[in-house]
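S.K.: Structure file coords19.pdb, PDB, C-alpha atoms and all ligand atoms, is pasted below:
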```pdb
ATOM      1  CA  MET A   1     -10.208  14.565 -11.811
ATOM      2  CA  ALA A   2     -12.204  15.764  -8.856
ATOM      3  CA  SER A   3     -12.028  19.068  -7.045
ATOM      4  CA  LEU A   4      -9.207  19.941  -4.684
ATOM      5  CA  SER A   5     -11.101  18.900  -1.601
ATOM      6  CA  THR A   6     -12.335  15.531  -2.891
ATOM      7  CA  PRO A   7      -9.572  13.624  -4.640
ATOM      8  CA  THR A   8     -10.322  10.612  -6.830
ATOM      9  CA  ILE A   9      -8.389   7.632  -5.550
ATOM     10  CA  GLY A  10      -8.162   4.323  -7.371
ATOM     11  CA  VAL A  11      -7.806   0.908  -5.789
ATOM     12  CA  LEU A  12      -5.797  -1.501  -7.917
ATOM     13  CA  ALA A  13      -8.402  -4.181  -8.577
ATOM     14  CA  LEU A  14      -6.409  -7.044 -10.049
ATOM     15  CA  GLN A  15      -6.656  -9.148  -6.890
ATOM     16  CA  GLY A  16      -6.998  -8.668  -3.137
ATOM     17  CA  ASP A  17      -9.216  -6.850  -0.638
ATOM     18  CA  VAL A  18     -10.333  -4.112  -3.009
ATOM     19  CA  ARG A  19     -13.809  -3.570  -1.552
ATOM     20  CA  GLU A  20     -12.556  -2.889   1.968
ATOM     21  CA  HIS A  21     -10.223  -0.182   0.671
ATOM     22  CA  LEU A  22     -13.006   1.415  -1.386
ATOM     23  CA  VAL A  23     -15.108   1.638   1.782
ATOM     24  CA  ALA A  24     -12.226   3.001   3.896
ATOM     25  CA  LEU A  25     -11.355   5.651   1.278
ATOM     26  CA  ALA A  26     -14.976   6.747   0.965
ATOM     27  CA  SER A  27     -15.128   7.115   4.764
ATOM     28  CA  ALA A  28     -12.000   9.267   4.549
ATOM     29  CA  ASP A  29     -13.744  11.650   2.099
ATOM     30  CA  ALA A  30     -12.237  10.480  -1.162
ATOM     31  CA  LEU A  31     -14.018   9.443  -4.346
ATOM     32  CA  ALA A  32     -12.901   5.836  -4.589
ATOM     33  CA  ARG A  33     -13.013   3.589  -7.635
ATOM     34  CA  PRO A  34     -11.519   0.285  -8.742
ATOM     35  CA  VAL A  35      -8.763   0.472 -11.382
ATOM     36  CA  ARG A  36      -7.872  -2.394 -13.702
ATOM     37  CA  ARG A  37      -6.904  -0.908 -17.042
ATOM     38  CA  PRO A  38      -4.103   1.481 -18.045
ATOM     39  CA  GLU A  39      -6.625   4.079 -19.347
ATOM     40  CA  GLU A  40      -8.190   4.273 -15.894
ATOM     41  CA  LEU A  41      -4.885   5.447 -14.404
ATOM     42  CA  ALA A  42      -5.319   8.802 -16.131
ATOM     43  CA  GLU A  43      -8.477   9.469 -14.121
ATOM     44  CA  ILE A  44      -7.075   9.129 -10.610
ATOM     45  CA  ASP A  45      -5.152  11.427  -8.278
ATOM     46  CA  GLY A  46      -3.785   8.603  -6.136
ATOM     47  CA  LEU A  47      -3.807   4.824  -5.887
ATOM     48  CA  VAL A  48      -4.149   2.183  -3.182
ATOM     49  CA  ILE A  49      -2.617  -1.239  -3.736
ATOM     50  CA  PRO A  50      -4.566  -3.673  -1.548
ATOM     51  CA  GLY A  51      -3.573  -6.693   0.478
ATOM     52  CA  GLY A  52      -3.843 -10.064  -1.173
ATOM     53  CA  GLU A  53      -1.186 -12.157  -2.823
ATOM     54  CA  SER A  54       1.661 -10.216  -4.370
ATOM     55  CA  THR A  55       2.779 -13.028  -6.693
ATOM     56  CA  THR A  56      -0.704 -13.152  -8.251
ATOM     57  CA  MET A  57      -0.921  -9.358  -8.388
ATOM     58  CA  SER A  58       2.429  -9.238 -10.153
ATOM     59  CA  LYS A  59       1.320 -11.851 -12.695
ATOM     60  CA  LEU A  60      -1.982 -10.066 -13.373
ATOM     61  CA  ALA A  61      -0.275  -6.669 -13.650
ATOM     62  CA  VAL A  62       1.848  -8.118 -16.448
ATOM     63  CA  ALA A  63      -1.148  -9.868 -18.087
ATOM     64  CA  PHE A  64      -3.302  -6.702 -17.990
ATOM     65  CA  GLY A  65      -0.501  -4.520 -19.380
ATOM     66  CA  MET A  66      -0.473  -2.527 -16.140
ATOM     67  CA  LEU A  67       3.095  -3.037 -14.918
ATOM     68  CA  GLU A  68       4.850  -0.344 -16.962
ATOM     69  CA  PRO A  69       1.978   2.199 -16.827
ATOM     70  CA  LEU A  70       1.900   1.785 -13.035
ATOM     71  CA  ARG A  71       5.668   2.149 -12.745
ATOM     72  CA  GLU A  72       5.496   5.282 -14.860
ATOM     73  CA  ARG A  73       2.819   6.935 -12.703
ATOM     74  CA  VAL A  74       4.709   6.078  -9.512
ATOM     75  CA  ARG A  75       7.925   7.490 -10.992
ATOM     76  CA  ALA A  76       6.029  10.622 -12.005
ATOM     77  CA  GLY A  77       5.022  11.195  -8.378
ATOM     78  CA  MET A  78       1.456   9.890  -8.092
ATOM     79  CA  PRO A  79       0.676   9.253  -4.404
ATOM     80  CA  VAL A  80       0.376   5.525  -3.697
ATOM     81  CA  TYR A  81      -0.464   3.591  -0.547
ATOM     82  CA  GLY A  82       0.203  -0.157  -0.326
ATOM     83  CA  THR A  83      -0.978  -2.532   2.412
ATOM     84  CA  CYS A  84       0.737  -5.887   2.954
ATOM     85  CA  ALA A  85       0.922  -7.358  -0.586
ATOM     86  CA  GLY A  86       0.684  -3.706  -1.679
ATOM     87  CA  MET A  87       3.747  -2.897   0.448
ATOM     88  CA  ILE A  88       5.574  -5.706  -1.353
ATOM     89  CA  MET A  89       4.587  -4.160  -4.707
ATOM     90  CA  LEU A  90       6.127  -0.826  -3.627
ATOM     91  CA  ALA A  91       9.486  -2.279  -2.587
ATOM     92  CA  ASP A  92      12.493  -1.358  -4.685
ATOM     93  CA  LYS A  93      13.926  -4.724  -3.609
ATOM     94  CA  LEU A  94      12.223  -7.933  -2.488
ATOM     95  CA  LEU A  95      13.456 -10.913  -0.474
ATOM     96  CA  ASP A  96      11.697 -14.326  -0.503
ATOM     97  CA  GLY A  97       9.634 -13.418  -3.554
ATOM     98  CA  ARG A  98       8.937 -15.821  -6.422
ATOM     99  CA  GLU A  99      11.704 -15.884  -8.977
ATOM    100  CA  ASP A 100       9.666 -14.149 -11.690
ATOM    101  CA  GLN A 101       7.883 -11.779  -9.298
ATOM    102  CA  GLU A 102       7.835  -8.113 -10.318
ATOM    103  CA  THR A 103       7.407  -5.087  -8.074
ATOM    104  CA  LEU A 104       6.639  -1.509  -9.073
ATOM    105  CA  GLY A 105       9.166  -0.018  -6.693
ATOM    106  CA  GLY A 106       8.687   3.468  -5.310
ATOM    107  CA  ILE A 107      10.208   3.155  -1.859
ATOM    108  CA  ASP A 108      13.913   2.668  -1.288
ATOM    109  CA  MET A 109      13.439  -0.350   0.945
ATOM    110  CA  ILE A 110      14.128  -4.063   1.049
ATOM    111  CA  VAL A 111      10.967  -5.979   1.980
ATOM    112  CA  ARG A 112      10.917  -9.574   3.153
ATOM    113  CA  ARG A 113       7.785 -11.384   2.005
ATOM    114  CA  ASN A 114       5.907 -13.576   4.550
ATOM    115  CA  ALA A 115       8.458 -12.457   7.172
ATOM    116  CA  PHE A 116       6.012 -12.707  10.101
ATOM    117  CA  GLY A 117       5.161 -16.311   9.172
ATOM    118  CA  ARG A 118       2.346 -18.249   7.553
ATOM    119  CA  GLN A 119      -1.418 -17.806   7.579
ATOM    120  CA  ASN A 120      -1.864 -19.475  10.993
ATOM    121  CA  GLU A 121       0.699 -17.120  12.481
ATOM    122  CA  SER A 122      -1.390 -14.086  11.599
ATOM    123  CA  PHE A 123      -1.991 -11.721  14.528
ATOM    124  CA  GLU A 124      -3.246  -8.353  15.720
ATOM    125  CA  ALA A 125      -1.177  -5.794  17.565
ATOM    126  CA  THR A 126      -1.396  -2.124  18.422
ATOM    127  CA  VAL A 127       1.041  -0.022  16.443
ATOM    128  CA  ASP A 128       2.086   3.591  16.947
ATOM    129  CA  VAL A 129       2.293   5.323  13.583
ATOM    130  CA  ALA A 130       4.163   8.637  13.357
ATOM    131  CA  GLY A 131       1.888  11.307  11.906
ATOM    132  CA  ILE A 132      -1.312   9.645  13.156
ATOM    133  CA  GLU A 133      -2.954  11.348  16.089
ATOM    134  CA  GLY A 134      -5.245   9.836  18.674
ATOM    135  CA  GLY A 135      -3.265   6.840  19.860
ATOM    136  CA  PRO A 136      -2.009   3.646  18.247
ATOM    137  CA  VAL A 137      -3.831   1.862  15.438
ATOM    138  CA  GLU A 138      -4.917  -1.777  15.519
ATOM    139  CA  GLY A 139      -2.580  -3.617  13.161
ATOM    140  CA  ILE A 140      -3.896  -6.782  11.509
ATOM    141  CA  PHE A 141      -0.966  -8.810  10.167
ATOM    142  CA  ILE A 142      -1.843 -11.600   7.718
ATOM    143  CA  ARG A 143       1.152 -13.455   6.251
ATOM    144  CA  ALA A 144       2.692 -10.047   6.588
ATOM    145  CA  PRO A 145       5.977  -8.778   5.217
ATOM    146  CA  TRP A 146       8.368  -6.622   7.170
ATOM    147  CA  VAL A 147      10.864  -4.066   5.982
ATOM    148  CA  GLU A 148      14.346  -5.429   6.305
ATOM    149  CA  SER A 149      16.106  -2.128   5.608
ATOM    150  CA  THR A 150      15.449   1.341   4.228
ATOM    151  CA  GLY A 151      17.519   3.814   2.241
ATOM    152  CA  ALA A 152      18.100   7.436   3.186
ATOM    153  CA  ALA A 153      14.992   8.781   1.423
ATOM    154  CA  ALA A 154      12.586   6.440   3.200
ATOM    155  CA  GLU A 155      11.179   7.375   6.594
ATOM    156  CA  VAL A 156      10.295   4.605   9.059
ATOM    157  CA  ILE A 157       6.958   5.619  10.619
ATOM    158  CA  ALA A 158       6.141   2.472  12.609
ATOM    159  CA  THR A 159       7.847  -0.553  14.073
ATOM    160  CA  TYR A 160       6.527  -3.662  15.760
ATOM    161  CA  ASP A 161       8.646  -6.092  17.755
ATOM    162  CA  GLY A 162      11.815  -4.457  16.450
ATOM    163  CA  HIS A 163      10.759  -4.676  12.786
ATOM    164  CA  THR A 164       9.798  -1.845  10.483
ATOM    165  CA  VAL A 165       6.119  -2.179   9.520
ATOM    166  CA  ALA A 166       5.286   1.223   8.013
ATOM    167  CA  VAL A 167       7.335   3.476   5.761
ATOM    168  CA  ARG A 168       6.813   6.708   3.901
ATOM    169  CA  GLN A 169       8.899   8.128   1.097
ATOM    170  CA  GLY A 170       7.547  11.365  -0.328
ATOM    171  CA  ASN A 171       4.119  10.563  -1.748
ATOM    172  CA  VAL A 172       4.425   6.814  -1.259
ATOM    173  CA  LEU A 173       3.167   5.087   1.880
ATOM    174  CA  ALA A 174       3.308   1.402   2.836
ATOM    175  CA  THR A 175       2.151  -0.664   5.813
ATOM    176  CA  SER A 176       2.724  -4.365   6.565
ATOM    177  CA  PHE A 177      -0.702  -4.454   8.159
ATOM    178  CA  HIS A 178      -4.299  -3.884   7.024
ATOM    179  CA  PRO A 179      -6.038  -0.728   8.374
ATOM    180  CA  GLU A 180      -8.808  -1.358   5.821
ATOM    181  CA  LEU A 181     -10.007  -4.303   7.913
ATOM    182  CA  THR A 182     -10.463  -2.448  11.193
ATOM    183  CA  GLY A 183     -13.054   0.290  10.709
ATOM    184  CA  ASP A 184     -10.439   2.798  11.929
ATOM    185  CA  HIS A 185      -9.768   4.920   8.867
ATOM    186  CA  ARG A 186      -7.033   7.195  10.210
ATOM    187  CA  VAL A 187      -4.310   5.720   7.989
ATOM    188  CA  HIS A 188      -6.527   6.156   4.936
ATOM    189  CA  ALA A 189      -7.255   9.715   6.072
ATOM    190  CA  LEU A 190      -3.486  10.357   6.239
ATOM    191  CA  PHE A 191      -3.182   9.040   2.691
ATOM    192  CA  VAL A 192      -6.111  11.131   1.434
ATOM    193  CA  ASP A 193      -4.346  14.182   2.947
ATOM    194  CA  MET A 194      -1.161  13.203   1.096
ATOM    195  CA  VAL A 195      -3.140  13.006  -2.169
ATOM    196  CA  ARG A 196      -4.759  16.394  -1.512
ATOM    197  CA  ALA A 197      -1.373  17.961  -0.747
ATOM    198  CA  ALA A 198       0.043  16.583  -4.021
ATOM    199  CA  GLN A 199      -2.770  17.974  -6.184
TER     200      GLN A 199
HETATM  201  N1  LIG A 201       1.978 -12.915   1.866
HETATM  202  C1  LIG A 201       1.233 -12.173   0.896
HETATM  203  C2  LIG A 201       2.072 -11.880  -0.338
HETATM  204  O1  LIG A 201       3.147 -12.332  -0.486
HETATM  205  C3  LIG A 201       0.726 -10.885   1.475
HETATM  206  C4  LIG A 201      -0.413 -11.163   2.425
HETATM  207  C5  LIG A 201      -1.392 -10.045   2.560
HETATM  208  O2  LIG A 201      -1.487  -9.148   1.737
HETATM  209  N2  LIG A 201      -2.199 -10.147   3.590
HETATM  210  O3  LIG A 201       1.631 -11.164  -1.180
END
```
Kindly transcribe the structure held in the file into structure tokens.
Ligand code: GLN
M.R.:
Amino acid sequence: MASLSTPTIGVLALQGDVREHLVALASADALARPVRRPEELAEIDGLVIPGGESTTMSKLAVAFGMLEPLRERVRAGMPVYGTCAGMIMLADKLLDGREDQETLGGIDMIVRRNAFGRQNESFEATVDVAGIEGGPVEGIFIRAPWVESTGAAAEVIATYDGHTVAVRQGNVLATSFHPELTGDHRVHALFVDMVRAAQ
């Protein structure tokens, strides 16, 4: 593990926009590396679960023997940040998932997959995120989920059009949208701070 000031943060590299997250994390002063195998989980202080396709990610997590090791680390308090498909992976409960689709859980929330519509209904919108200074962030929503409801432990930190689109519960953070695609790394910086604080 790295020093206190420079945490090592993995990006789950089974599927999805891994590279963009590696770049965003590096810009936010973390040592970033892709993670595919259970052994690699021991070497990281925090984890990002990228956007992509959650049904595929779920399948590959099972195939690579990552599902239980990931669940264990999340349960043990490792900081995790999920974007879009990654948010779906962090939901304790999922609506409109595939029948055999697994999530890791981590946030007491019910997430509805593809809630904002299909690929051609993808959009950008400015979103105010509690805890992020300097004005709203540009939210890119691509076949994005929303959070249908949250339990007492989960804090809603952003809404768009009346729907919850960002949630934090302890060391676990999730957004419906993709800050890794914008060049604005403030959400990643917030996560890197969370990882530092947990060390
Ligand atoms: N709709 C995708 C899913 O179900 C998520 C899309 C995304 O990550 N941009 O996983």
S.K.: Evaluated on this file, the PyMOL selection byres (((chain A and resi 98) around 12) and not hetatm) picks out some residues - which ones are they, written as an NGL selection string?
M.R.: :A and (53-59 or 88 or 94-97 or 99-103 or 112-114)
S.K.: Could you dump the residues just selected with C-alpha atoms as an mmCIF file, in the coordinates of the input?
M.R.:
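Here's the written file part-v7.cif:
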```
data_model
loop_
_atom_site.group_PDB
_atom_site.id
_atom_site.type_symbol
_atom_site.label_atom_id
_atom_site.label_comp_id
_atom_site.auth_asym_id
_atom_site.auth_seq_id
_atom_site.Cartn_x
_atom_site.Cartn_y
_atom_site.Cartn_z
ATOM 1 C CA GLU A 53 -1.186 -12.157 -2.823
ATOM 2 C CA SER A 54 1.661 -10.216 -4.370
ATOM 3 C CA THR A 55 2.779 -13.028 -6.693
ATOM 4 C CA THR A 56 -0.704 -13.152 -8.251
ATOM 5 C CA MET A 57 -0.921 -9.358 -8.388
ATOM 6 C CA SER A 58 2.429 -9.238 -10.153
ATOM 7 C CA LYS A 59 1.320 -11.851 -12.695
ATOM 8 C CA ILE A 88 5.574 -5.706 -1.353
ATOM 9 C CA LEU A 94 12.223 -7.933 -2.488
ATOM 10 C CA LEU A 95 13.456 -10.913 -0.474
ATOM 11 C CA ASP A 96 11.697 -14.326 -0.503
ATOM 12 C CA GLY A 97 9.634 -13.418 -3.554
ATOM 13 C CA GLU A 99 11.704 -15.884 -8.977
ATOM 14 C CA ASP A 100 9.666 -14.149 -11.690
ATOM 15 C CA GLN A 101 7.883 -11.779 -9.298
ATOM 16 C CA GLU A 102 7.835 -8.113 -10.318
ATOM 17 C CA THR A 103 7.407 -5.087 -8.074
ATOM 18 C CA ARG A 112 10.917 -9.574 3.153
ATOM 19 C CA ARG A 113 7.785 -11.384 2.005
ATOM 20 C CA ASN A 114 5.907 -13.576 4.550
#
```
S.K.: Please give the centre and size of the box around region 87-97 of chain A (axis-aligned, containing every atom listed in the file, 6 Å added per side), with values in Å to one decimal and written as JSON.
M.R.:
```
{"center_x": 8.8, "center_y": -7.6, "center_z": -2.1, "size_x": 22.2, "size_y": 25.5, "size_z": 17.2}
```
S.K.: Set the distance at 10 Å and use only C-alpha atoms: which residues neighbour Met194 (chain A) once local chain neighbours fewer than 5 positions away are removed? I'd like the list as a ChimeraX atom specification.
M.R.: /A:46,79-81,170-173,188-189,199
S.K.: Have a look at CA of Lys93 (chain A) and CA of Phe64 (chain A) and let me know their distance in Å, one decimal.
M.R.: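 Computing it gives 22.5 Å between the two atoms.
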S.K.: Mind pulling up the distance from CA of Arg36 (chain A) to CA of Met66 (chain A)?
M.R.: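 Pair CA of Met66 (chain A) / CA of Arg36 (chain A) returns 7.8 Å.
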S.K.: For region 159-171 of chain A, which lacks atoms in the input, supply N, CA and C atoms and format the output as an mmCIF file, keeping the file's coordinate frame.
M.R.:
```cif
data_model
loop_
_atom_site.group_PDB
_atom_site.id
_atom_site.type_symbol
_atom_site.label_atom_id
_atom_site.label_comp_id
_atom_site.auth_asym_id
_atom_site.auth_seq_id
_atom_site.Cartn_x
_atom_site.Cartn_y
_atom_site.Cartn_z
ATOM 1 N N THR A 159 7.161 0.731 13.896
ATOM 2 C CA THR A 159 7.847 -0.553 14.073
ATOM 3 C C THR A 159 6.986 -1.425 14.969
ATOM 4 N N TYR A 160 7.165 -2.719 14.841
ATOM 5 C CA TYR A 160 6.527 -3.662 15.760
ATOM 6 C C TYR A 160 7.540 -4.757 16.065
ATOM 7 N N ASP A 161 7.750 -5.019 17.343
ATOM 8 C CA ASP A 161 8.646 -6.092 17.755
ATOM 9 C C ASP A 161 10.036 -5.947 17.115
ATOM 10 N N GLY A 162 10.478 -4.705 16.989
ATOM 11 C CA GLY A 162 11.815 -4.457 16.450
ATOM 12 C C GLY A 162 11.888 -4.446 14.923
ATOM 13 N N HIS A 163 10.750 -4.659 14.256
ATOM 14 C CA HIS A 163 10.759 -4.676 12.786
ATOM 15 C C HIS A 163 9.983 -3.489 12.237
ATOM 16 N N THR A 164 10.489 -2.955 11.141
ATOM 17 C CA THR A 164 9.798 -1.845 10.483
ATOM 18 C C THR A 164 8.547 -2.360 9.778
ATOM 19 N N VAL A 165 7.394 -1.732 10.097
ATOM 20 C CA VAL A 165 6.119 -2.179 9.520
ATOM 21 C C VAL A 165 5.359 -1.058 8.809
ATOM 22 N N ALA A 166 5.900 0.154 8.802
ATOM 23 C CA ALA A 166 5.286 1.223 8.013
ATOM 24 C C ALA A 166 6.378 2.207 7.596
ATOM 25 N N VAL A 167 6.302 2.633 6.346
ATOM 26 C CA VAL A 167 7.335 3.476 5.761
ATOM 27 C C VAL A 167 6.673 4.515 4.869
ATOM 28 N N ARG A 168 7.267 5.701 4.840
ATOM 29 C CA ARG A 168 6.813 6.708 3.901
ATOM 30 C C ARG A 168 8.018 7.292 3.169
ATOM 31 N N GLN A 169 7.872 7.439 1.877
ATOM 32 C CA GLN A 169 8.899 8.128 1.097
ATOM 33 C C GLN A 169 8.196 9.091 0.164
ATOM 34 N N GLY A 170 8.255 10.365 0.481
ATOM 35 C CA GLY A 170 7.547 11.365 -0.328
ATOM 36 C C GLY A 170 6.063 11.055 -0.369
ATOM 37 N N ASN A 171 5.549 10.821 -1.561
ATOM 38 C CA ASN A 171 4.119 10.563 -1.748
ATOM 39 C C ASN A 171 3.758 9.087 -1.654
#
```
